[in-house]
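Okay, so here's the structure we're looking at.
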Amino acid sequence: MNTLDNKAAQADTARCELPIGVFDSGVGGLTVLAALAQRLPHEHLLYLGDTARLPYGTKSVETVTRYALQATAKLVERQVKMLVVACNTATAAALPALRAAYPHIPVLGVVEPGAAAAVAASTTGNILVLATEATVQNRAYHKAIAALRPSAEVTGLACSLFVALVEEGWAASHVVDAYSGRGMAEVVAARYLAPLFAGAGQKPDCIVLGCTHFPPLAEAIRAVVGPGVAIVDSAATTAEAAAAVLGQAGIARQGGAGRHVFLTTDAPARFARVGSMFMAEPIDEAALELVVL
């Protein structure tokens, strides 16, 4: 091997050792991080939760794009080899801007993998997307599903309160509404979903959890819609897509256990408490790094 080839090989090896950068507006993106950690156990993962500016889903496209670019810049400062946008709102609003700003690294969002999973899971093509207001208005899932299954009938439903429930740690079934005796999350899910699943007529046979905060609410949603409806989240399919991109680019880390590093823009104690619900292991508050964007 000549000197140039040797230097190139060393550069490729060094790049393999770099972390995958992952960001979300809060802790919801940890559902994607957990899936990445399971699918890619050798990879180092660097997660940024922009908790100071949560939620993204009620903000304008311009504001979300600015926030996403700032979050990505912070991760790129740490030398990431790939970016996973673990936020449906930021994916819908900012993915083209992120890819244009950082053409030297692969940038992967969660909408297209989620749409693919929904198309595979739905028999009738009647698909309901639960998401933030911004994602619904952007119609990102409508477009992604239509590209794969033009005949699909897609309904978007903004469920902003779901984000608050998860961030407050109220997604668990043991958090009960004192008036109805039902789980708090189930009460909220029923308010959103009952009108679409009550009475006669064709109902959705697949629900897409179009926000990374929503998977902890799957049990409450299931209690409202019944057993015959597929519930899909994009975390596992996003992890598969990330594995494919790393393999194609030749930058997958081949051995050893990956390290997980967490950054947050506000309230580390709350991040650790709520975020631990999303991970198979507790998050140590002392290990969290507070950053400013």
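We label chains A, B, ... in the order they appear in the structure tokens, count residues from 1 in each chain, and number ligands from 1 in the order shown.
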Q. Which residues, written as a VMD selection string, have at least one atom at most 9 Å from Ala236 in chain A, with only C-alpha atoms counted and residues fewer than 2 positions away on the same chain left out?
A. chain A and resid 31 to 32 35 to 36 39 113 to 114 233 to 234 238 to 241
**Q.** Long-range neighbours of Val129 in chain A as a ChimeraX atom specification, 10 Å cut-off, only C-alpha atoms, 6 positions minimum in chain
**A.** /A:115,118,135-136,139,141-142,154-159,204,206-211,231-232
(Q) So that I can see what lies close to range 18-23 of chain A, please list as an NGL selection string the residues with an atom at most 9 Å from it, counting only C-alpha atoms and leaving out residues fewer than 2 positions away in the same chain. (A) :A and (14-16 or 25-26 or 29-30 or 32-33 or 43-50 or 68 or 71-72 or 75-76 or 78-87 or 251 or 253 or 258-260)
Please produce a file of the residues just selected, as a short mmCIF file (atom, residue, chain, number, x, y, z; two decimals), in the first residue's frame, where the atoms kept are N, CA and C atoms.
```
data_model
loop_
_atom_site.label_atom_id
_atom_site.label_comp_id
_atom_site.auth_asym_id
_atom_site.auth_seq_id
_atom_site.Cartn_x
_atom_site.Cartn_y
_atom_site.Cartn_z
N ALA A 14 -10.66 6.23 10.95
CA ALA A 14 -10.96 7.29 11.92
C ALA A 14 -12.41 7.73 11.81
N ARG A 15 -12.92 7.80 10.58
CA ARG A 15 -14.32 8.22 10.40
C ARG A 15 -15.28 7.19 10.97
N CYS A 16 -14.95 5.92 10.85
CA CYS A 16 -15.80 4.87 11.42
C CYS A 16 -15.97 5.04 12.93
N SER A 25 -36.43 17.71 19.71
CA SER A 25 -36.80 18.88 20.51
C SER A 25 -36.77 18.58 22.00
N GLY A 26 -36.82 17.32 22.39
CA GLY A 26 -36.82 16.96 23.80
C GLY A 26 -36.33 15.54 23.99
N GLY A 29 -37.07 11.81 21.04
CA GLY A 29 -36.16 11.19 20.10
C GLY A 29 -35.35 10.05 20.68
N LEU A 30 -35.40 9.89 22.00
CA LEU A 30 -34.72 8.75 22.62
C LEU A 30 -35.35 7.43 22.20
N VAL A 32 -35.93 6.75 19.14
CA VAL A 32 -35.09 6.45 17.98
C VAL A 32 -33.69 6.05 18.43
N LEU A 33 -33.16 6.76 19.42
CA LEU A 33 -31.83 6.41 19.93
C LEU A 33 -31.80 4.98 20.47
N GLU A 43 -22.01 1.21 17.54
CA GLU A 43 -21.88 2.62 17.18
C GLU A 43 -21.93 3.54 18.41
N HIS A 44 -21.06 4.55 18.38
CA HIS A 44 -21.13 5.63 19.35
C HIS A 44 -22.30 6.55 18.95
N LEU A 45 -23.10 6.96 19.93
CA LEU A 45 -24.28 7.79 19.67
C LEU A 45 -24.20 9.07 20.50
N LEU A 46 -24.40 10.19 19.85
CA LEU A 46 -24.39 11.50 20.50
C LEU A 46 -25.77 12.12 20.34
N TYR A 47 -26.48 12.28 21.45
CA TYR A 47 -27.87 12.74 21.42
C TYR A 47 -27.99 14.16 21.98
N LEU A 48 -28.73 15.01 21.26
CA LEU A 48 -29.02 16.37 21.71
C LEU A 48 -30.52 16.55 21.83
N GLY A 49 -30.99 16.84 23.04
CA GLY A 49 -32.40 17.17 23.25
C GLY A 49 -32.54 18.66 23.51
N ASP A 50 -33.21 19.36 22.60
CA ASP A 50 -33.35 20.82 22.71
C ASP A 50 -34.53 21.16 23.63
N ALA A 68 -33.35 23.58 13.96
CA ALA A 68 -32.73 22.34 13.48
C ALA A 68 -31.30 22.59 12.99
N ALA A 71 -29.13 23.08 16.12
CA ALA A 71 -28.87 21.81 16.80
C ALA A 71 -27.85 20.97 16.03
N THR A 72 -28.02 20.94 14.71
CA THR A 72 -27.09 20.18 13.88
C THR A 72 -25.68 20.76 13.94
N LEU A 75 -23.92 19.49 16.95
CA LEU A 75 -23.48 18.09 16.79
C LEU A 75 -22.29 17.99 15.84
N VAL A 76 -22.33 18.75 14.76
CA VAL A 76 -21.23 18.71 13.79
C VAL A 76 -19.93 19.22 14.42
N ARG A 78 -18.96 18.43 17.19
CA ARG A 78 -18.41 17.25 17.88
C ARG A 78 -17.94 16.17 16.91
N GLN A 79 -17.96 16.47 15.63
CA GLN A 79 -17.48 15.57 14.59
C GLN A 79 -18.32 14.28 14.51
N VAL A 80 -19.52 14.42 14.01
CA VAL A 80 -20.37 13.25 13.78
C VAL A 80 -20.20 12.79 12.34
N LYS A 81 -20.40 11.49 12.11
CA LYS A 81 -20.24 10.95 10.76
C LYS A 81 -21.58 10.84 10.04
N MET A 82 -22.67 11.01 10.79
CA MET A 82 -24.01 10.87 10.22
C MET A 82 -24.97 11.61 11.14
N LEU A 83 -26.04 12.14 10.59
CA LEU A 83 -27.06 12.83 11.39
C LEU A 83 -28.40 12.12 11.23
N VAL A 84 -29.03 11.81 12.35
CA VAL A 84 -30.40 11.29 12.35
C VAL A 84 -31.29 12.33 13.00
N VAL A 85 -32.24 12.85 12.24
CA VAL A 85 -33.19 13.84 12.76
C VAL A 85 -34.33 13.06 13.41
N ALA A 86 -34.24 12.90 14.73
CA ALA A 86 -35.20 12.06 15.45
C ALA A 86 -36.41 12.88 15.89
N CYS A 87 -36.90 13.69 15.00
CA CYS A 87 -38.04 14.58 15.26
C CYS A 87 -38.83 14.68 13.97
N ILE A 251 -18.81 3.26 6.52
CA ILE A 251 -18.37 3.97 7.72
C ILE A 251 -18.96 3.36 8.99
N ARG A 253 -18.99 1.20 12.31
CA ARG A 253 -18.01 0.76 13.30
C ARG A 253 -18.18 -0.74 13.49
N GLY A 258 -20.64 0.54 21.81
CA GLY A 258 -20.75 1.97 21.55
C GLY A 258 -21.02 2.77 22.82
N ARG A 259 -20.50 3.99 22.85
CA ARG A 259 -20.76 4.91 23.95
C ARG A 259 -21.97 5.79 23.63
N HIS A 260 -22.75 6.14 24.64
CA HIS A 260 -23.91 7.01 24.47
C HIS A 260 -23.68 8.28 25.28
#
```
(Q) Quick one: residues within 10 Å of Ala52 in chain A, only C-alpha atoms, excluding same-chain residues fewer than 3 positions away - as a list in words? (A) Ser25, Gly26, Gly49, Pro55, Thr264, Thr265, Asp266, Ala267, Val292 and Leu293 of chain A
Q: as a ChimeraX atom specification, please: all residues of range 49-195 of chain A that backbone DSSP puts in strand (DSSP E).
A: /A:49,82-85,107-108,126-131,153-158
Export, as a compact mmCIF listing (two decimals), in the first residue's frame, the selected residues with N, CA and C atoms.
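Written output follows (part_33.txt):
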```txt
# COMPACT_ATOMS: atom_id res chain seq x y z
N GLY A 49 -30.99 16.84 23.04
CA GLY A 49 -32.40 17.17 23.25
C GLY A 49 -32.54 18.66 23.51
N MET A 82 -22.67 11.01 10.79
CA MET A 82 -24.01 10.87 10.22
C MET A 82 -24.97 11.61 11.14
N LEU A 83 -26.04 12.14 10.59
CA LEU A 83 -27.06 12.83 11.39
C LEU A 83 -28.40 12.12 11.23
N VAL A 84 -29.03 11.81 12.35
CA VAL A 84 -30.40 11.29 12.35
C VAL A 84 -31.29 12.33 13.00
N VAL A 85 -32.24 12.85 12.24
CA VAL A 85 -33.19 13.84 12.76
C VAL A 85 -34.33 13.06 13.41
N VAL A 107 -27.65 12.59 6.02
CA VAL A 107 -28.69 13.14 6.90
C VAL A 107 -29.96 12.33 6.69
N LEU A 108 -30.43 11.69 7.76
CA LEU A 108 -31.59 10.80 7.69
C LEU A 108 -32.69 11.33 8.59
N ASN A 126 -56.21 2.85 4.46
CA ASN A 126 -56.80 3.93 5.25
C ASN A 126 -55.91 4.15 6.48
N ILE A 127 -55.08 5.19 6.43
CA ILE A 127 -54.01 5.39 7.40
C ILE A 127 -54.22 6.70 8.16
N LEU A 128 -54.10 6.63 9.46
CA LEU A 128 -54.21 7.81 10.32
C LEU A 128 -52.83 8.16 10.86
N VAL A 129 -52.44 9.42 10.69
CA VAL A 129 -51.16 9.90 11.19
C VAL A 129 -51.40 10.81 12.39
N LEU A 130 -50.91 10.40 13.54
CA LEU A 130 -50.97 11.23 14.74
C LEU A 130 -49.64 11.97 14.84
N ALA A 131 -49.70 13.29 14.92
CA ALA A 131 -48.46 14.07 14.86
C ALA A 131 -48.68 15.41 15.53
N GLU A 153 -55.56 6.47 1.56
CA GLU A 153 -56.33 7.57 2.13
C GLU A 153 -55.70 7.91 3.48
N VAL A 154 -55.08 9.08 3.55
CA VAL A 154 -54.31 9.46 4.74
C VAL A 154 -55.01 10.61 5.46
N THR A 155 -55.21 10.44 6.75
CA THR A 155 -55.78 11.49 7.60
C THR A 155 -54.73 11.90 8.62
N GLY A 156 -54.52 13.19 8.77
CA GLY A 156 -53.59 13.70 9.77
C GLY A 156 -54.34 14.29 10.94
N LEU A 157 -53.91 13.97 12.15
CA LEU A 157 -54.57 14.47 13.36
C LEU A 157 -53.51 15.03 14.29
N ALA A 158 -53.61 16.33 14.57
CA ALA A 158 -52.66 16.97 15.49
C ALA A 158 -53.01 16.64 16.93
```
**Q.** Long-range neighbours of range 268-272 of chain A as a VMD selection string, 9 Å cut-off, only C-alpha atoms, 6 positions minimum in chain
**A.** chain A and resid 26 to 27 49 51 167 to 168 282 to 286 288 to 290
